[in-house]
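Right, one structure below, let's go through it.
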Amino acid sequence: MTRGGRQITVAWGYLVAATALCGWLIETHRGVRWTAVVVTLIASSKVYVITNRFMKLNVAPLFWRAAVGIWLLIATAVVLPGF
Amino acid sequence: MTASSVSSSAARSLPGEQGVWVFILIDMSFFCVIFASFVHERAGGAELFFRSQRSLDVHLGLINTVVLLTSSWLVALATDTAPGKPRGKIRSLLGIAALCGAVFAAIKIAEYTTLIRAGISPVTNDFFMFYFFISFIHLVHVLAGIVVLTMMVRKRGGEALLVSERNSLDSAASYWHMVDLIWVMIFPMLYLVSWR
């Protein structure tokens with residue numbers, strides 16, 4: 001496997017582990033506000049990893065990185081104030 | 001312009017067609033508006049949303065998340081070293097990714113069937129109206145992605161990818177990753193994040 005392939009696989013490992021962590025948090029602390037905030041922030045971090053490692057936005061021109069970054073900030077901000 | 005700035009600007013390139021990225025941004029913005037509507041409605045009925053959310057099978061949602069992440073990982077591996085990778089290997093990776101997409105769709109349809117048999121439909125309450133609407137719109141994106149990936153798998157040609165094929169592959173991959181990242185935001189919103 002190439003270096004790029006290894007980085008992609010490490011990113012996938014993080015995404016699956018983060019998903020499992022969210023599942024565990026909900027099983028043990030469902031209905032608690034801080035759990036909702038943590039789970040949302042974990043989801044945002046997963047989106048960041050997908051855009052940078054899978055979509056290769058880390059090597060894209062600044063405009064596109066900024067556009068997707070702003071979308072992620074807005075999407076997170078839209079969901080978080082509900083708490 | 002120095003040699004380093006030339007090489008730096010050459011290295012910074014958008015994977016795939018720019019038009020596909022414009023579509024991706026517009027689509028993501030559309031979902032963002034739906035998220036805002038969902039959160040606005042939830043603020044007025046936290047208890048109803050909390051109770052309704054408990055009717056959903058979190059385990060199926062978790063399995064679907066892992067299935068979609070795995071499919072995205074396979075597509076990322078296919079595009080990673082596509083110039084030097086044998087066409088057969090790229091096609092295998094994309095084929096398995098499309099199969100993962102089909103598994104996602106099958107689980108989603110099974111979930112809808114279970115809910116409808118239990119008497120739950122989009123008109124049951126506001127939560128389920130959003131649940132069916134958001135997840136169905138996303139499911140349509142998944143089905144479109146499966147069609148795109150299947151078309152990439154069925155493409156015939158020589159051992160090496162042409163530049164135009166490489167561009168199509170990157171565009172298809174970007175779309176598929178977008179479908180994945182939208183689900184990553186939808187999953188906690190619909191299945192996990194709620195409180196009394």
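Following the order of the structure tokens, first chain is A, next is B, and so on, with residues numbered from 1 inside each chain and ligands from 1 in the order they appear.
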Would you pick out the contacts of segment 172-180 of chain B at 8 Å or less, using only C-alpha atoms, so that residues sharing its chain but fewer than 2 positions from it are not included, and give the list as a PDB file with N, CA and C atoms, in the first residue's frame?
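The file below, result_19.pdb, is the result:
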ATOM      1  N   ILE A  50     -13.147  13.513   6.284  1.00  0.00           N
ATOM      2  CA  ILE A  50     -13.602  13.049   4.957  1.00  0.00           C
ATOM      3  C   ILE A  50     -13.201  14.058   3.879  1.00  0.00           C
ATOM      4  N   THR A  51     -13.413  15.342   4.153  1.00  0.00           N
ATOM      5  CA  THR A  51     -13.094  16.354   3.127  1.00  0.00           C
ATOM      6  C   THR A  51     -11.589  16.415   2.858  1.00  0.00           C
ATOM      7  N   PHE A  54     -10.336  11.972   2.174  1.00  0.00           N
ATOM      8  CA  PHE A  54     -10.994  11.241   1.085  1.00  0.00           C
ATOM      9  C   PHE A  54     -11.198  12.135  -0.145  1.00  0.00           C
ATOM     10  N   MET A  55     -11.692  13.364   0.100  1.00  0.00           N
ATOM     11  CA  MET A  55     -11.977  14.257  -1.034  1.00  0.00           C
ATOM     12  C   MET A  55     -10.730  15.012  -1.490  1.00  0.00           C
TER      13      MET A  55
ATOM     14  N   PRO B  15      -9.702  18.003  -7.251  1.00  0.00           N
ATOM     15  CA  PRO B  15      -9.912  16.688  -7.860  1.00  0.00           C
ATOM     16  C   PRO B  15     -11.247  16.643  -8.611  1.00  0.00           C
ATOM     17  N   GLY B  16     -11.210  16.358  -9.896  1.00  0.00           N
ATOM     18  CA  GLY B  16     -12.438  16.264 -10.691  1.00  0.00           C
ATOM     19  C   GLY B  16     -12.833  17.565 -11.349  1.00  0.00           C
ATOM     20  N   VAL B  20     -18.772  19.840 -11.050  1.00  0.00           N
ATOM     21  CA  VAL B  20     -19.245  18.869 -10.057  1.00  0.00           C
ATOM     22  C   VAL B  20     -19.117  19.458  -8.657  1.00  0.00           C
ATOM     23  N   TRP B  21     -18.049  20.213  -8.440  1.00  0.00           N
ATOM     24  CA  TRP B  21     -17.830  20.825  -7.129  1.00  0.00           C
ATOM     25  C   TRP B  21     -18.848  21.931  -6.852  1.00  0.00           C
ATOM     26  N   ILE B  24     -21.830  20.122  -5.837  1.00  0.00           N
ATOM     27  CA  ILE B  24     -21.648  19.604  -4.476  1.00  0.00           C
ATOM     28  C   ILE B  24     -21.921  20.703  -3.437  1.00  0.00           C
ATOM     29  N   MET B  28     -24.907  20.657  -0.750  1.00  0.00           N
ATOM     30  CA  MET B  28     -24.592  20.714   0.677  1.00  0.00           C
ATOM     31  C   MET B  28     -25.328  21.877   1.338  1.00  0.00           C
ATOM     32  N   LEU B  68     -21.332   2.983   4.806  1.00  0.00           N
ATOM     33  CA  LEU B  68     -21.085   4.110   3.894  1.00  0.00           C
ATOM     34  C   LEU B  68     -19.641   4.628   4.013  1.00  0.00           C
ATOM     35  N   LEU B  69     -19.119   4.642   5.257  1.00  0.00           N
ATOM     36  CA  LEU B  69     -17.726   5.074   5.458  1.00  0.00           C
ATOM     37  C   LEU B  69     -16.769   4.113   4.752  1.00  0.00           C
ATOM     38  N   SER B  72     -16.848   4.718   1.075  1.00  0.00           N
ATOM     39  CA  SER B  72     -16.098   5.937   0.756  1.00  0.00           C
ATOM     40  C   SER B  72     -14.585   5.672   0.810  1.00  0.00           C
ATOM     41  N   VAL B  75     -13.513   3.922  -2.344  1.00  0.00           N
ATOM     42  CA  VAL B  75     -13.451   4.866  -3.472  1.00  0.00           C
ATOM     43  C   VAL B  75     -12.193   5.738  -3.357  1.00  0.00           C
ATOM     44  N   ALA B  76     -11.879   6.160  -2.121  1.00  0.00           N
ATOM     45  CA  ALA B  76     -10.676   6.978  -1.906  1.00  0.00           C
ATOM     46  C   ALA B  76      -9.421   6.178  -2.282  1.00  0.00           C
ATOM     47  N   THR B  79      -9.057   6.089  -6.080  1.00  0.00           N
ATOM     48  CA  THR B  79      -8.591   7.335  -6.713  1.00  0.00           C
ATOM     49  C   THR B  79      -7.173   7.706  -6.279  1.00  0.00           C
ATOM     50  N   HIS B 138     -31.687  11.779   0.983  1.00  0.00           N
ATOM     51  CA  HIS B 138     -30.326  11.239   1.017  1.00  0.00           C
ATOM     52  C   HIS B 138     -30.252   9.897   0.284  1.00  0.00           C
ATOM     53  N   HIS B 141     -29.854  10.299  -3.287  1.00  0.00           N
ATOM     54  CA  HIS B 141     -28.453  10.618  -3.602  1.00  0.00           C
ATOM     55  C   HIS B 141     -27.606   9.342  -3.638  1.00  0.00           C
ATOM     56  N   VAL B 142     -27.861   8.441  -2.681  1.00  0.00           N
ATOM     57  CA  VAL B 142     -27.103   7.181  -2.639  1.00  0.00           C
ATOM     58  C   VAL B 142     -27.373   6.374  -3.916  1.00  0.00           C
ATOM     59  N   GLY B 145     -25.585   7.787  -6.740  1.00  0.00           N
ATOM     60  CA  GLY B 145     -24.159   7.467  -6.598  1.00  0.00           C
ATOM     61  C   GLY B 145     -23.849   6.046  -7.039  1.00  0.00           C
ATOM     62  N   VAL B 148     -23.704   6.014 -10.746  1.00  0.00           N
ATOM     63  CA  VAL B 148     -22.450   6.623 -11.227  1.00  0.00           C
ATOM     64  C   VAL B 148     -21.277   5.656 -11.053  1.00  0.00           C
ATOM     65  N   LEU B 149     -21.183   5.038  -9.863  1.00  0.00           N
ATOM     66  CA  LEU B 149     -20.076   4.099  -9.609  1.00  0.00           C
ATOM     67  C   LEU B 149     -20.158   2.892 -10.555  1.00  0.00           C
ATOM     68  N   SER B 168     -13.061  11.965 -14.686  1.00  0.00           N
ATOM     69  CA  SER B 168     -14.402  11.433 -14.397  1.00  0.00           C
ATOM     70  C   SER B 168     -14.386  10.649 -13.093  1.00  0.00           C
ATOM     71  N   LEU B 169     -13.331   9.876 -12.896  1.00  0.00           N
ATOM     72  CA  LEU B 169     -13.212   9.080 -11.675  1.00  0.00           C
ATOM     73  C   LEU B 169     -13.162   9.988 -10.448  1.00  0.00           C
ATOM     74  N   ASP B 170     -12.349  11.068 -10.526  1.00  0.00           N
ATOM     75  CA  ASP B 170     -12.252  12.003  -9.399  1.00  0.00           C
ATOM     76  C   ASP B 170     -13.590  12.697  -9.139  1.00  0.00           C
ATOM     77  N   ILE B 182     -22.633  13.944   4.082  1.00  0.00           N
ATOM     78  CA  ILE B 182     -23.981  14.418   4.419  1.00  0.00           C
ATOM     79  C   ILE B 182     -24.615  13.428   5.413  1.00  0.00           C
ATOM     80  N   TRP B 183     -24.404  12.131   5.168  1.00  0.00           N
ATOM     81  CA  TRP B 183     -24.946  11.118   6.091  1.00  0.00           C
ATOM     82  C   TRP B 183     -24.311  11.236   7.471  1.00  0.00           C
ATOM     83  N   VAL B 184     -23.013  11.561   7.486  1.00  0.00           N
ATOM     84  CA  VAL B 184     -22.297  11.701   8.758  1.00  0.00           C
ATOM     85  C   VAL B 184     -22.953  12.808   9.610  1.00  0.00           C
TER      86      VAL B 184
END
As a compact mmCIF listing (two decimals) with C-alpha atoms, in the first residue's frame, please: the residues near Val79 of chain A (cut-off 7 Å, only C-alpha atoms, same-chain neighbours under 5 positions excluded).
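File produced: around_5.txt:
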# COMPACT_ATOMS: atom_id res chain seq x y z
CA PHE B 35 -30.88 20.93 9.01
CA ALA B 36 -31.81 24.46 10.13
CA VAL B 39 -33.43 22.21 14.52
**Asked** Do you know which residues are at most 8 Å from segment 12-19 of chain A counting only C-alpha atoms, after dropping those on the same chain fewer than 2 positions away, and could you put them as a list in words?
**Response**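 In the requested form, the answer reads Ile8, Thr9, Val10, Leu21, Cys22, Gly23, Ile42, Lys46 and Val49 of chain A; Leu62, Thr65, Val66, Leu69, Thr70 and Trp73 of chain B.
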Filtering to C-alpha atoms, could you give me those residues as a PDB file, in the first residue's frame?
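To be explicit, this is the file written out as again17.pdb:
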ATOM      1  CA  ILE A   8      -6.604   7.036   3.822  1.00  0.00           C
ATOM      2  CA  THR A   9      -6.854   3.787   5.790  1.00  0.00           C
ATOM      3  CA  VAL A  10      -5.826   5.516   9.047  1.00  0.00           C
ATOM      4  CA  LEU A  21     -17.665   6.138  20.299  1.00  0.00           C
ATOM      5  CA  CYS A  22     -20.851   8.040  19.362  1.00  0.00           C
ATOM      6  CA  GLY A  23     -22.824   4.787  19.562  1.00  0.00           C
ATOM      7  CA  ILE A  42     -17.445  14.379  16.700  1.00  0.00           C
ATOM      8  CA  LYS A  46     -15.535  13.265  10.842  1.00  0.00           C
ATOM      9  CA  VAL A  49     -11.459  14.164   7.932  1.00  0.00           C
TER      10      VAL A  49
ATOM     11  CA  LEU B  62     -24.661   2.712  13.114  1.00  0.00           C
ATOM     12  CA  THR B  65     -22.793   4.658   8.834  1.00  0.00           C
ATOM     13  CA  VAL B  66     -19.949   2.130   8.888  1.00  0.00           C
ATOM     14  CA  LEU B  69     -17.726   5.074   5.458  1.00  0.00           C
ATOM     15  CA  THR B  70     -16.239   1.806   4.193  1.00  0.00           C
ATOM     16  CA  TRP B  73     -12.762   4.495   1.934  1.00  0.00           C
TER      17      TRP B  73
END
**Asked** Near Leu115 of chain B, within 12 Å and counting only C-alpha atoms, which residues show up once chain neighbours fewer than 2 positions away are dropped, as a list in words?
**Response** Ser52, Gln53, Arg54, Ser55, Leu56, Asp57, Lys108, Ile109, Ala110, Glu111, Tyr112, Thr113, Arg117, Ala118, Gly119, Ile120, Ser121, Pro122, Thr124, Phe128, Tyr131 and Phe132 of chain B
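Nearest to chain B of all the residues A:Ser45, A:Glu27, A:Gly5, A:Val38 is A:Gly5, counting only C-alpha atoms.
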